[in-house]
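A.B. asks: Input file: input_17.tsv. Contents: TSV, C-alpha atoms.
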```tsv
chain	number	residue	atom	x	y	z
D	1	MET	CA	24.37	-1.45	31.04
D	2	LYS	CA	27.38	0.40	29.74
D	3	PHE	CA	26.34	2.56	26.77
D	4	GLU	CA	28.74	2.32	23.84
D	5	CYS	CA	28.94	3.98	20.40
D	6	GLY	CA	27.28	0.94	18.77
D	7	ASP	CA	24.24	1.43	20.99
D	8	LEU	CA	23.36	4.83	19.55
D	9	GLU	CA	21.18	3.48	16.78
D	10	ARG	CA	19.26	1.37	19.26
D	11	ALA	CA	18.65	4.54	21.23
D	12	PHE	CA	17.23	6.19	18.10
D	13	GLU	CA	14.81	3.30	17.78
D	14	HIS	CA	14.00	2.90	21.47
D	15	ALA	CA	13.43	6.23	23.17
D	16	GLN	CA	13.87	4.72	26.64
D	17	LEU	CA	17.62	4.43	25.94
D	18	MET	CA	17.94	8.14	25.20
D	19	PRO	CA	18.89	9.30	28.73
D	20	GLU	CA	21.89	6.96	28.67
D	21	ALA	CA	22.69	8.00	25.10
D	22	ARG	CA	22.75	11.65	26.13
D	23	GLU	CA	25.22	10.88	28.88
D	24	HIS	CA	27.40	9.12	26.32
D	25	LEU	CA	27.16	12.06	23.90
D	26	LYS	CA	28.76	14.36	26.45
D	27	HIS	CA	32.02	12.46	26.05
D	28	CYS	CA	31.86	11.19	22.43
D	29	ALA	CA	32.32	13.65	19.57
D	30	ALA	CA	31.70	11.02	16.86
D	31	CYS	CA	28.35	10.05	18.36
D	32	ARG	CA	27.43	13.72	18.81
D	33	LYS	CA	27.94	14.18	15.06
D	34	GLU	CA	25.74	11.16	14.35
D	35	TYR	CA	23.10	12.42	16.73
D	36	ARG	CA	23.13	15.88	15.16
D	37	LEU	CA	22.74	14.43	11.67
D	38	TRP	CA	19.84	12.24	12.87
D	39	ASN	CA	18.01	15.30	14.14
D	40	GLU	CA	18.90	17.39	11.10
D	41	ILE	CA	17.32	14.80	8.84
D	42	SER	CA	14.01	15.41	10.62
D	43	SER	CA	14.27	19.19	10.72
D	44	THR	CA	15.37	19.42	7.08
D	45	ALA	CA	12.62	17.01	6.03
D	46	ARG	CA	10.02	19.55	7.10
D	47	GLU	CA	11.45	21.95	4.54
D	48	LEU	CA	10.74	19.42	1.81
D	49	HIS	CA	7.02	20.05	2.15
D	50	GLU	CA	6.08	21.49	-1.22
D	51	GLU	CA	3.51	24.26	-1.57
D	52	TRP	CA	2.42	25.98	-4.73
D	53	ASP	CA	-0.65	27.85	-5.86
D	54	THR	CA	-3.23	26.02	-7.92
D	55	PRO	CA	-6.14	28.43	-8.33
D	56	ALA	CA	-7.62	26.42	-11.20
D	57	LEU	CA	-7.48	23.04	-9.50
D	58	TRP	CA	-10.59	23.19	-7.31
D	59	PRO	CA	-12.77	24.73	-10.06
D	60	ALA	CA	-11.63	21.92	-12.37
D	61	ILE	CA	-12.43	19.27	-9.76
D	62	ARG	CA	-15.78	20.89	-9.00
D	63	ASP	CA	-16.69	20.92	-12.68
D	64	VAL	CA	-15.85	17.24	-13.06
D	65	LEU	CA	-17.77	16.26	-9.91
D	66	GLY	CA	-20.69	18.40	-10.97
D	67	LYS	CA	-21.16	16.32	-14.08
D	68	LEU	CA	-21.19	13.00	-12.27
D	69	PRO	CA	-24.35	11.26	-11.11
D	70	ASN	CA	-25.17	11.42	-7.44
D	71	PRO	CA	-22.74	9.28	-5.35
D	72	GLN	CA	-25.57	7.21	-3.96
D	73	GLY	CA	-26.98	6.58	-7.40
D	74	ARG	CA	-30.32	8.16	-6.70
D	75	ARG	CA	-31.91	11.57	-6.67
D	76	PRO	CA	-29.93	14.15	-4.73
D	77	TRP	CA	-31.06	14.56	-1.16
D	78	TRP	CA	-32.27	18.05	-1.82
D	79	ALA	CA	-34.64	16.76	-4.44
D	80	ALA	CA	-36.08	14.34	-1.93
D	81	GLN	CA	-36.11	17.00	0.76
D	82	ARG	CA	-37.61	19.44	-1.65
D	83	THR	CA	-40.38	17.00	-2.37
D	84	TRP	CA	-41.21	17.10	1.33
D	85	MET	CA	-40.88	20.86	1.43
D	86	LEU	CA	-43.10	21.18	-1.58
D	87	THR	CA	-45.61	18.79	-0.15
D	88	ALA	CA	-45.62	20.96	2.96
D	89	ALA	CA	-45.95	24.04	0.78
D	90	ALA	CA	-48.84	22.50	-1.09
D	91	VAL	CA	-50.50	21.55	2.20
D	92	VAL	CA	-50.05	25.10	3.50
D	93	LEU	CA	-51.45	26.57	0.31
D	94	ALA	CA	-54.27	24.08	0.11
D	95	SER	CA	-55.20	24.54	3.75
D	96	THR	CA	-55.10	28.30	3.39
D	97	VAL	CA	-57.22	28.05	0.29
D	98	GLY	CA	-59.47	25.62	2.15
D	99	VAL	CA	-59.95	28.09	4.97
D	100	PHE	CA	-61.16	30.62	2.44
D	101	SER	CA	-63.46	28.16	0.78
D	102	VAL	CA	-65.19	27.38	4.11
D	103	ALA	CA	-65.28	30.96	5.30
D	104	PRO	CA	-68.34	32.25	3.59
D	105	TRP	CA	-68.26	35.52	5.48
D	106	GLN	CA	-65.21	36.48	3.45
D	107	GLN	CA	-66.60	35.21	0.17
D	108	HIS	CA	-68.84	36.66	-2.42
D	109	PRO	CA	-70.65	34.52	-4.96
D	110	PRO	CA	-68.48	34.31	-8.04
D	111	GLN	CA	-69.52	36.57	-10.86
D	112	GLU	CA	-69.60	35.47	-14.44
D	113	GLY	CA	-65.99	34.99	-15.64
D	114	GLN	CA	-64.55	35.51	-12.18
D	115	GLU	CA	-62.24	33.03	-10.43
D	116	PRO	CA	-64.02	30.85	-7.87
D	117	ALA	CA	-63.50	32.11	-4.32
D	118	ALA	CA	-61.49	29.04	-3.40
D	119	VAL	CA	-58.68	30.09	-5.73
D	120	ARG	CA	-58.98	33.82	-5.29
D	121	PRO	CA	-55.52	35.40	-4.86
D	122	LEU	CA	-54.44	35.07	-1.26
D	123	ALA	CA	-52.35	38.20	-1.67
D	124	SER	CA	-55.52	40.19	-1.62
D	125	SER	CA	-56.79	38.51	1.52
D	126	GLY	CA	-54.46	40.34	3.85
D	127	ASN	CA	-54.02	37.04	5.74
D	128	ARG	CA	-50.96	35.90	3.87
D	129	ASP	CA	-48.19	34.97	6.27
D	130	LEU	CA	-44.44	34.55	5.86
D	131	LEU	CA	-44.61	30.76	5.71
D	132	THR	CA	-46.97	30.90	2.78
D	133	GLU	CA	-44.70	33.41	1.10
D	134	GLN	CA	-41.69	31.15	1.64
D	135	ALA	CA	-43.62	28.12	0.49
D	136	LEU	CA	-44.62	29.86	-2.68
D	137	ALA	CA	-41.06	31.02	-3.30
D	138	GLU	CA	-39.96	27.41	-2.94
D	139	VAL	CA	-42.58	26.26	-5.41
D	140	GLU	CA	-41.42	28.88	-7.88
D	141	ARG	CA	-37.78	28.00	-7.44
D	142	THR	CA	-38.51	24.35	-8.01
D	143	GLU	CA	-40.67	25.14	-10.99
D	144	SER	CA	-37.71	27.02	-12.42
D	145	ALA	CA	-35.38	24.05	-11.83
D	146	TYR	CA	-37.93	21.72	-13.36
D	147	ARG	CA	-38.27	23.98	-16.38
D	148	GLN	CA	-34.49	24.00	-16.81
D	149	SER	CA	-34.36	20.21	-16.69
D	150	ILE	CA	-37.04	20.04	-19.38
D	151	ASP	CA	-35.14	22.61	-21.43
D	152	LYS	CA	-32.19	20.23	-21.36
D	153	LEU	CA	-34.40	17.42	-22.61
D	154	SER	CA	-35.70	19.73	-25.34
D	155	HIS	CA	-32.15	20.51	-26.31
D	156	LEU	CA	-31.39	16.79	-26.62
D	157	ALA	CA	-34.46	16.29	-28.78
D	158	GLN	CA	-33.81	19.37	-30.89
D	159	SER	CA	-32.56	17.61	-34.02
D	160	GLU	CA	-35.53	15.25	-34.09
D	161	LEU	CA	-37.92	18.13	-33.49
D	162	LEU	CA	-36.44	20.25	-36.28
D	163	LYS	CA	-36.70	17.45	-38.84
D	164	PRO	CA	-38.96	14.65	-37.59
D	165	ARG	CA	-38.09	11.36	-39.27
D	166	SER	CA	-41.28	9.53	-38.40
D	167	THR	CA	-45.00	10.11	-38.04
D	168	ALA	CA	-44.60	9.76	-34.28
D	169	GLY	CA	-41.99	12.53	-34.40
D	170	VAL	CA	-44.34	14.82	-36.35
D	171	ASN	CA	-47.17	14.12	-33.90
D	172	CYS	CA	-44.90	14.71	-30.96
D	173	LYS	CA	-43.71	18.00	-32.43
D	174	GLU	CA	-47.30	19.18	-32.78
D	175	LYS	CA	-48.14	18.03	-29.28
D	176	LEU	CA	-45.14	19.86	-27.87
D	177	LYS	CA	-46.15	23.02	-29.72
D	178	LEU	CA	-49.61	22.84	-28.16
D	179	LEU	CA	-48.11	22.15	-24.75
D	180	ASP	CA	-45.70	25.07	-25.09
D	181	ASP	CA	-48.58	27.38	-25.97
D	182	ALA	CA	-50.59	26.12	-23.01
D	183	ILE	CA	-47.60	26.48	-20.70
D	184	ALA	CA	-46.99	30.04	-21.90
D	185	GLU	CA	-50.64	30.92	-21.34
D	186	THR	CA	-50.77	29.33	-17.89
D	187	ARG	CA	-47.57	31.05	-16.87
D	188	ALA	CA	-48.95	34.37	-18.03
D	189	ASN	CA	-52.05	33.77	-15.92
D	190	LEU	CA	-49.91	32.77	-12.95
D	191	GLU	CA	-47.97	36.00	-13.18
D	192	GLN	CA	-51.23	37.77	-12.50
D	193	ASN	CA	-52.13	35.38	-9.69
D	194	ARG	CA	-49.11	33.74	-8.16
D	195	TYR	CA	-51.05	32.19	-5.28
D	196	ASN	CA	-53.48	30.32	-7.46
D	197	MET	CA	-53.05	26.69	-6.50
D	198	ARG	CA	-55.17	25.44	-9.38
D	199	LEU	CA	-52.99	27.23	-11.93
D	200	GLN	CA	-49.82	25.98	-10.23
D	201	THR	CA	-51.14	22.43	-10.44
D	202	ALA	CA	-52.21	22.89	-14.05
D	203	LEU	CA	-48.75	24.19	-14.94
D	204	ALA	CA	-47.11	21.27	-13.19
D	205	ASP	CA	-49.31	18.87	-15.16
D	206	LEU	CA	-48.40	20.56	-18.41
D	207	TYR	CA	-44.70	20.35	-17.64
D	208	ARG	CA	-45.08	16.72	-16.66
D	209	GLU	CA	-46.81	16.01	-19.93
D	210	LYS	CA	-44.15	17.85	-21.88
D	211	LYS	CA	-41.41	15.92	-20.11
D	212	GLN	CA	-43.16	12.65	-20.89
D	213	ALA	CA	-43.57	13.60	-24.54
D	214	LEU	CA	-39.90	14.52	-24.83
D	215	GLN	CA	-38.81	11.32	-23.14
D	216	GLU	CA	-40.98	9.27	-25.49
D	217	LEU	CA	-39.52	11.11	-28.47
D	218	LEU	CA	-35.96	10.51	-27.28
D	219	THR	CA	-36.67	6.86	-26.55
D	220	SER	CA	-38.20	6.27	-29.97
D	221	ASP	CA	-35.28	8.13	-31.55
D	222	GLN	CA	-32.82	5.81	-29.80
D	223	LYS	CA	-34.78	2.74	-30.92
D	224	ASN	CA	-34.69	3.99	-34.51
U	1	MET	CA	-45.92	18.80	-6.69
U	2	TRP	CA	-42.79	19.32	-8.73
U	3	GLU	CA	-40.49	16.48	-9.47
U	4	ILE	CA	-36.90	16.98	-10.53
U	5	GLY	CA	-36.41	14.77	-13.53
U	6	LEU	CA	-32.73	15.36	-14.17
U	7	GLN	CA	-30.02	14.97	-11.62
U	8	LEU	CA	-28.49	18.33	-10.91
U	9	ARG	CA	-25.50	18.83	-8.65
U	10	PHE	CA	-25.98	21.11	-5.72
U	11	ALA	CA	-24.03	22.95	-3.08
U	12	ALA	CA	-25.85	23.12	0.22
U	13	SER	CA	-24.41	24.91	3.21
U	14	LEU	CA	-22.37	23.09	5.84
U	15	PRO	CA	-21.92	23.59	9.58
U	16	ASP	CA	-19.00	25.91	10.44
U	17	ASN	CA	-16.85	23.08	11.71
U	18	PRO	CA	-18.35	19.87	10.41
U	19	THR	CA	-17.30	16.65	12.06
U	20	ASP	CA	-15.80	13.86	10.03
U	21	ALA	CA	-19.13	12.03	10.10
U	22	GLU	CA	-21.04	15.13	8.95
U	23	LEU	CA	-18.61	15.66	6.10
U	24	ALA	CA	-18.88	12.03	5.06
U	25	THR	CA	-22.66	12.22	5.13
U	26	GLU	CA	-22.70	15.38	3.03
U	27	CYS	CA	-20.21	13.86	0.58
U	28	LYS	CA	-22.47	10.83	0.24
U	29	ARG	CA	-25.33	13.17	-0.56
U	30	GLY	CA	-23.25	14.74	-3.30
U	31	ASN	CA	-22.94	18.11	-1.60
U	32	LEU	CA	-20.13	19.88	-3.46
U	33	ARG	CA	-19.50	22.17	-0.49
U	34	ALA	CA	-18.46	19.13	1.51
U	35	TYR	CA	-15.93	18.26	-1.16
U	36	GLU	CA	-14.75	21.85	-1.23
U	37	ARG	CA	-14.21	21.68	2.53
U	38	LEU	CA	-12.20	18.49	2.12
U	39	TYR	CA	-10.19	20.22	-0.57
U	40	ASP	CA	-9.52	23.21	1.69
U	41	LEU	CA	-8.47	20.96	4.54
U	42	HIS	CA	-6.27	18.50	2.73
U	43	SER	CA	-5.30	19.60	-0.76
U	44	ALA	CA	-2.05	21.35	0.20
U	45	ARG	CA	-0.72	18.27	1.92
U	46	MET	CA	-2.14	15.97	-0.73
U	47	LYS	CA	-0.35	17.91	-3.45
U	48	SER	CA	2.92	17.74	-1.54
U	49	VAL	CA	2.65	13.99	-0.95
U	50	ALA	CA	1.78	13.42	-4.60
U	51	PHE	CA	4.61	15.69	-5.70
U	52	HIS	CA	7.16	13.68	-3.73
U	53	MET	CA	5.77	10.45	-5.10
U	54	LEU	CA	5.43	11.53	-8.72
U	55	GLY	CA	8.10	14.17	-9.11
U	56	SER	CA	6.21	16.93	-10.84
U	57	HIS	CA	3.66	19.55	-9.92
U	58	ALA	CA	1.47	18.76	-12.91
U	59	ASP	CA	1.33	15.05	-12.12
U	60	ALA	CA	0.63	15.84	-8.48
U	61	GLU	CA	-2.31	18.05	-9.41
U	62	ASP	CA	-3.66	15.35	-11.72
U	63	ALA	CA	-3.37	12.82	-8.90
U	64	VAL	CA	-5.26	15.08	-6.50
U	65	GLN	CA	-8.01	15.60	-9.06
U	66	GLU	CA	-8.19	11.87	-9.73
U	67	THR	CA	-8.37	11.27	-5.99
U	68	PHE	CA	-11.39	13.52	-5.57
U	69	LEU	CA	-13.05	11.77	-8.49
U	70	LYS	CA	-12.49	8.38	-6.87
U	71	VAL	CA	-13.61	9.66	-3.49
U	72	TYR	CA	-16.83	10.92	-5.05
U	73	LYS	CA	-17.48	7.63	-6.82
U	74	ALA	CA	-16.65	5.46	-3.83
U	75	VAL	CA	-17.91	7.54	-0.92
U	76	SER	CA	-21.20	5.67	-0.69
U	77	ALA	CA	-19.17	2.60	0.33
U	78	PHE	CA	-17.21	4.53	3.00
U	79	GLU	CA	-18.30	3.10	6.33
U	80	GLY	CA	-16.34	5.35	8.66
U	81	GLN	CA	-14.09	2.63	10.00
U	82	SER	CA	-11.17	4.99	9.46
U	83	SER	CA	-11.24	8.77	9.39
U	84	LEU	CA	-12.27	10.40	6.15
U	85	ALA	CA	-8.80	11.94	5.83
U	86	THR	CA	-7.08	8.60	6.28
U	87	TRP	CA	-9.30	7.09	3.62
U	88	ILE	CA	-8.63	9.97	1.22
U	89	TYR	CA	-4.85	9.73	1.64
U	90	ARG	CA	-5.06	6.01	1.02
U	91	ILE	CA	-6.86	6.70	-2.24
U	92	LEU	CA	-4.34	9.42	-3.13
U	93	ILE	CA	-1.41	7.07	-2.64
U	94	ASN	CA	-3.09	4.41	-4.75
U	95	CYS	CA	-3.74	7.04	-7.42
U	96	CYS	CA	-0.06	7.96	-7.37
U	97	TYR	CA	0.90	4.32	-7.78
U	98	ASP	CA	-1.54	4.08	-10.69
U	99	VAL	CA	0.09	7.09	-12.33
U	100	LEU	CA	3.52	5.61	-11.79
U	101	ARG	CA	2.40	2.32	-13.28
U	102	ARG	CA	0.71	4.00	-16.20
U	103	GLN	CA	3.76	6.01	-17.04
U	104	GLN	CA	5.98	2.99	-16.46
U	105	ARG	CA	8.35	4.78	-14.26
U	106	ARG	CA	9.34	3.58	-10.90
U	107	ALA	CA	9.57	6.06	-8.06
U	108	GLU	CA	13.17	5.01	-7.49
U	109	ALA	CA	14.16	5.96	-11.04
U	110	SER	CA	13.77	9.70	-10.88
U	111	PRO	CA	11.12	10.78	-8.47
U	112	ILE	CA	11.95	14.46	-8.39
U	113	ARG	CA	11.84	15.99	-11.84
U	114	ASP	CA	11.04	19.60	-11.04
U	115	HIS	CA	14.30	21.36	-10.36
U	116	PRO	CA	15.00	22.48	-6.82
U	117	SER	CA	15.32	26.20	-6.28
U	118	HIS	CA	18.76	27.77	-6.00
U	119	SER	CA	18.05	28.71	-2.42
U	120	ASP	CA	18.02	25.04	-1.39
U	121	LEU	CA	20.54	24.27	1.30
U	122	PRO	CA	23.06	21.48	0.60
U	123	LEU	CA	21.54	19.11	3.17
U	124	LYS	CA	18.10	19.67	1.72
U	125	ILE	CA	19.36	18.81	-1.77
U	126	ALA	CA	21.24	15.80	-0.48
U	127	LEU	CA	18.24	14.63	1.50
U	128	ARG	CA	16.00	14.94	-1.52
U	129	GLY	CA	18.39	12.83	-3.53
U	130	ALA	CA	18.80	10.26	-0.77
U	131	LEU	CA	15.05	10.07	-0.31
U	132	SER	CA	14.63	9.00	-3.91
U	133	ALA	CA	16.95	6.06	-3.27
U	134	LEU	CA	14.84	4.65	-0.44
U	135	ASN	CA	12.50	1.79	-1.05
U	136	GLU	CA	8.83	2.68	-1.49
U	137	ARG	CA	7.54	1.89	1.96
U	138	GLN	CA	10.41	3.67	3.70
U	139	ARG	CA	10.07	6.73	1.52
U	140	LEU	CA	6.33	6.86	2.00
U	141	VAL	CA	6.47	6.63	5.78
U	142	PHE	CA	9.26	9.19	5.90
U	143	LEU	CA	7.28	11.55	3.66
U	144	LEU	CA	4.09	11.21	5.64
U	145	PHE	CA	5.71	11.48	9.08
U	146	GLU	CA	8.71	13.76	8.71
U	147	VAL	CA	7.76	15.88	5.69
U	148	GLU	CA	3.98	16.12	6.09
U	149	GLY	CA	3.74	15.77	9.86
U	150	LEU	CA	1.20	12.95	10.06
U	151	LYS	CA	1.07	10.80	13.19
U	152	HIS	CA	2.03	7.14	13.21
U	153	SER	CA	-1.58	6.25	14.02
U	154	GLU	CA	-2.71	8.10	10.88
U	155	ILE	CA	0.02	6.59	8.71
U	156	ALA	CA	-0.85	3.14	10.00
U	157	GLY	CA	-4.45	3.76	8.94
U	158	ILE	CA	-3.46	5.02	5.51
U	159	LEU	CA	-1.06	2.19	4.77
U	160	GLU	CA	-3.18	-0.39	6.59
U	161	VAL	CA	-0.29	-1.62	8.73
U	162	PRO	CA	0.12	-1.78	12.52
U	163	GLU	CA	1.38	1.42	14.16
U	164	GLY	CA	4.55	-0.36	15.27
U	165	THR	CA	5.29	-1.22	11.66
U	166	SER	CA	5.01	2.44	10.72
U	167	ARG	CA	7.49	3.33	13.47
U	168	SER	CA	9.81	0.58	12.39
U	169	TRP	CA	9.73	1.63	8.73
U	170	LEU	CA	10.43	5.21	9.71
U	171	PHE	CA	13.44	4.13	11.76
U	172	GLU	CA	14.73	2.06	8.84
U	173	ALA	CA	14.22	5.02	6.51
U	174	LYS	CA	16.13	7.41	8.74
U	175	ARG	CA	18.91	4.95	9.36
U	176	GLU	CA	19.26	4.44	5.60
U	177	LEU	CA	19.18	8.18	4.94
U	178	LYS	CA	21.79	8.81	7.61
U	179	ARG	CA	23.99	6.13	6.07
U	180	MET	CA	23.65	7.64	2.58
U	181	LEU	CA	24.23	11.19	3.77
U	182	THR	CA	27.28	10.15	5.81
U	183	GLU	CA	28.76	8.25	2.87
U	184	SER	CA	28.14	11.10	0.43
U	185	ALA	CA	29.82	13.51	2.82
U	186	VAL	CA	32.96	11.38	2.99
```
Mind converting the file's structure to structure tokens?

C.D. replies:
Amino acid sequence: MKFECGDLERAFEHAQLMPEAREHLKHCAACRKEYRLWNEISSTARELHEEWDTPALWPAIRDVLGKLPNPQGRRPWWAAQRTWMLTAAAVVLASTVGVFSVAPWQQHPPQEGQEPAAVRPLASSGNRDLLTEQALAEVERTESAYRQSIDKLSHLAQSELLKPRSTAGVNCKEKLKLLDDAIAETRANLEQNRYNMRLQTALADLYREKKQALQELLTSDQKN
Amino acid sequence: MWEIGLQLRFAASLPDNPTDAELATECKRGNLRAYERLYDLHSARMKSVAFHMLGSHADAEDAVQETFLKVYKAVSAFEGQSSLATWIYRILINCCYDVLRRQQRRAEASPIRDHPSHSDLPLKIALRGALSALNERQRLVFLLFEVEGLKHSEIAGILEVPEGTSRSWLFEAKRELKRMLTESAV
């Protein structure tokens, strides 16, 4: 095939024609100009890429995403995973406590007013291992997250709690006051005895009850 | 023992170089670090594409933000039939079209509103002007291939057309640009 000026565009589209096109370019100034422009369009196009700093953009996106519900419409995976981790932690604690309860050679009969041996602080046993320490830290972290979530519920119910508009609201307020006192007392006891499984469970129950009371209050408030 | 009653966002760690599948999985779990990684990987190019489609930096940033919002909301339906990046760019381009529709301004009307810098070379200015006169599909393929350096296989995935169509549209775009630039030079 004899390559002619009109074939140049076909060569741009079909690379297999390029060797013949290059031969033609050696003798045709007009086509060389066309060819140069074709290549310049590509090289200049790369300079059109636009870059500018946007230091506030990701934080803004993160904030928006952070307020959305989980993409899968259920509890975040870490909550589910944490449930497993906490179950494991509870098993570790319970089994460690269990070991103590069936190891009479390390136990002394409980004195009047003294904690039963089964819930005696493991810290004093000298047998506490790293896993137990990590498990307890996990429990405490989760307790903190749980407390924060309940604080948010409390915040939502604040107006109703300040000025209850119904008998149920008044009762709920009193119940919450009692629960708060009990929580404060249990937490104070736990600070003295972080490894006490019974106290941890009691605190969890109290929080659960408080959460339920707040949810009932909010639900009745919405109905009213 | 403890149960998390309220849904709280989280940011768990990621592997150093997560695969596409790992990133998608973490995004589905709502891991904000996965979204941050996507942002680090793609935001510069996403902003540039959006800028060329919308004509202003502010609109481009809004489009990128809107894209991440849509990605977050729709990621549970992402099945991995295309790459995550391809899927994100597809959403970005749709976001840009939404913006254009909302503002009732066609891309052909005045796509570049931010003024070029004085250091722009004449061909660059001319090319920018000529680019705005292309039809949408030609301009988009040219932007993605020549300006942003994507491959035809990626562009085909983003625009949901065969790879040959992407090549063909690029050729048409360049031929049209060459014609416009030659005529303007005369």

A.B. asks: Based on all atoms listed in the file, which of the residues in chain U come within 9 Å of chain D? I want them as a JSON list (two decimals) with C-alpha atoms, in the frame of the given file.

C.D. replies:
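Result saved to part.json:
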```
[["chain", "number", "residue", "atom", "x", "y", "z"],
["U", 1, "MET", "CA", -45.92, 18.80, -6.69],
["U", 2, "TRP", "CA", -42.79, 19.32, -8.73],
["U", 3, "GLU", "CA", -40.49, 16.48, -9.47],
["U", 4, "ILE", "CA", -36.90, 16.98, -10.53],
["U", 5, "GLY", "CA", -36.41, 14.77, -13.53],
["U", 6, "LEU", "CA", -32.73, 15.36, -14.17],
["U", 7, "GLN", "CA", -30.02, 14.97, -11.62],
["U", 8, "LEU", "CA", -28.49, 18.33, -10.91],
["U", 9, "ARG", "CA", -25.50, 18.83, -8.65],
["U", 10, "PHE", "CA", -25.98, 21.11, -5.72],
["U", 12, "ALA", "CA", -25.85, 23.12, 0.22],
["U", 27, "CYS", "CA", -20.21, 13.86, 0.58],
["U", 28, "LYS", "CA", -22.47, 10.83, 0.24],
["U", 29, "ARG", "CA", -25.33, 13.17, -0.56],
["U", 30, "GLY", "CA", -23.25, 14.74, -3.30],
["U", 31, "ASN", "CA", -22.94, 18.11, -1.60],
["U", 32, "LEU", "CA", -20.13, 19.88, -3.46],
["U", 35, "TYR", "CA", -15.93, 18.26, -1.16],
["U", 36, "GLU", "CA", -14.75, 21.85, -1.23],
["U", 39, "TYR", "CA", -10.19, 20.22, -0.57],
["U", 44, "ALA", "CA", -2.05, 21.35, 0.20],
["U", 45, "ARG", "CA", -0.72, 18.27, 1.92],
["U", 47, "LYS", "CA", -0.35, 17.91, -3.45],
["U", 48, "SER", "CA", 2.92, 17.74, -1.54],
["U", 49, "VAL", "CA", 2.65, 13.99, -0.95],
["U", 51, "PHE", "CA", 4.61, 15.69, -5.70],
["U", 52, "HIS", "CA", 7.16, 13.68, -3.73],
["U", 57, "HIS", "CA", 3.66, 19.55, -9.92],
["U", 61, "GLU", "CA", -2.31, 18.05, -9.41],
["U", 62, "ASP", "CA", -3.66, 15.35, -11.72],
["U", 64, "VAL", "CA", -5.26, 15.08, -6.50],
["U", 65, "GLN", "CA", -8.01, 15.60, -9.06],
["U", 66, "GLU", "CA", -8.19, 11.87, -9.73],
["U", 68, "PHE", "CA", -11.39, 13.52, -5.57],
["U", 69, "LEU", "CA", -13.05, 11.77, -8.49],
["U", 72, "TYR", "CA", -16.83, 10.92, -5.05],
["U", 73, "LYS", "CA", -17.48, 7.63, -6.82],
["U", 74, "ALA", "CA", -16.65, 5.46, -3.83],
["U", 75, "VAL", "CA", -17.91, 7.54, -0.92],
["U", 76, "SER", "CA", -21.20, 5.67, -0.69],
["U", 77, "ALA", "CA", -19.17, 2.60, 0.33],
["U", 123, "LEU", "CA", 21.54, 19.11, 3.17],
["U", 124, "LYS", "CA", 18.10, 19.67, 1.72],
["U", 127, "LEU", "CA", 18.24, 14.63, 1.50],
["U", 128, "ARG", "CA", 16.00, 14.94, -1.52],
["U", 142, "PHE", "CA", 9.26, 9.19, 5.90],
["U", 143, "LEU", "CA", 7.28, 11.55, 3.66],
["U", 146, "GLU", "CA", 8.71, 13.76, 8.71],
["U", 147, "VAL", "CA", 7.76, 15.88, 5.69],
["U", 148, "GLU", "CA", 3.98, 16.12, 6.09],
["U", 149, "GLY", "CA", 3.74, 15.77, 9.86],
["U", 167, "ARG", "CA", 7.49, 3.33, 13.47],
["U", 168, "SER", "CA", 9.81, 0.58, 12.39],
["U", 171, "PHE", "CA", 13.44, 4.13, 11.76],
["U", 174, "LYS", "CA", 16.13, 7.41, 8.74],
["U", 175, "ARG", "CA", 18.91, 4.95, 9.36],
["U", 177, "LEU", "CA", 19.18, 8.18, 4.94],
["U", 178, "LYS", "CA", 21.79, 8.81, 7.61],
["U", 181, "LEU", "CA", 24.23, 11.19, 3.77],
["U", 182, "THR", "CA", 27.28, 10.15, 5.81]]
```

A.B. asks: To one decimal in Å, tell me the separation between atom CA of D:Cys172 and atom CA of D:Met197.

C.D. replies: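 Between atom CA of D:Cys172 and atom CA of D:Met197 the gap is 28.4 Å.
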
A.B. asks: Atom CA of D:Leu25 to atom CA of U:Leu131: how many Å, to one decimal?

C.D. replies: 27.1 Å

A.B. asks: I'd like the contact shell of U:Ser82 - 10 Å cut-off, only C-alpha atoms, skipping same-chain residues fewer than 5 positions apart - returned as a list of chain:residue names.

C.D. replies: U:Trp87, U:Ile88, U:Glu154, U:Gly157, U:Ile158

A.B. asks: As an exercise, work out the distance from atom CA of U:Val161 to atom CA of U:Asp40 in Å and give it to one decimal place.

C.D. replies: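 Between atom CA of U:Val161 and atom CA of U:Asp40 the gap works out to 27.4 Å.
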
A.B. asks: I'd like the contact shell of U:Leu134 - 10 Å cut-off, all atoms listed in the file, skipping same-chain residues fewer than 5 positions apart - returned as a PDB file with C-alpha atoms, in the coordinates of the input.

C.D. replies:
```pdb
ATOM      1  CA  ALA U 107       9.570   6.060  -8.060  1.00  0.00           C
ATOM      2  CA  GLU U 108      13.170   5.010  -7.490  1.00  0.00           C
ATOM      3  CA  GLY U 129      18.390  12.830  -3.530  1.00  0.00           C
ATOM      4  CA  ARG U 139      10.070   6.730   1.520  1.00  0.00           C
ATOM      5  CA  LEU U 140       6.330   6.860   2.000  1.00  0.00           C
ATOM      6  CA  PHE U 142       9.260   9.190   5.900  1.00  0.00           C
ATOM      7  CA  GLU U 172      14.730   2.060   8.840  1.00  0.00           C
ATOM      8  CA  ALA U 173      14.220   5.020   6.510  1.00  0.00           C
ATOM      9  CA  LYS U 174      16.130   7.410   8.740  1.00  0.00           C
ATOM     10  CA  GLU U 176      19.260   4.440   5.600  1.00  0.00           C
ATOM     11  CA  LEU U 177      19.180   8.180   4.940  1.00  0.00           C
ATOM     12  CA  MET U 180      23.650   7.640   2.580  1.00  0.00           C
TER      13      MET U 180
END
```

A.B. asks: Please put the answer as JSON: centre and edge lengths, in Å with one decimal, of a box along x, y and z that encloses all listed atoms of stretch 137-149 of chain D plus 4 Å on each side.

C.D. replies:
```
{"center_x": -38.5, "center_y": 25.6, "center_z": -9.9, "size_x": 16.2, "size_y": 18.8, "size_z": 21.9}
```
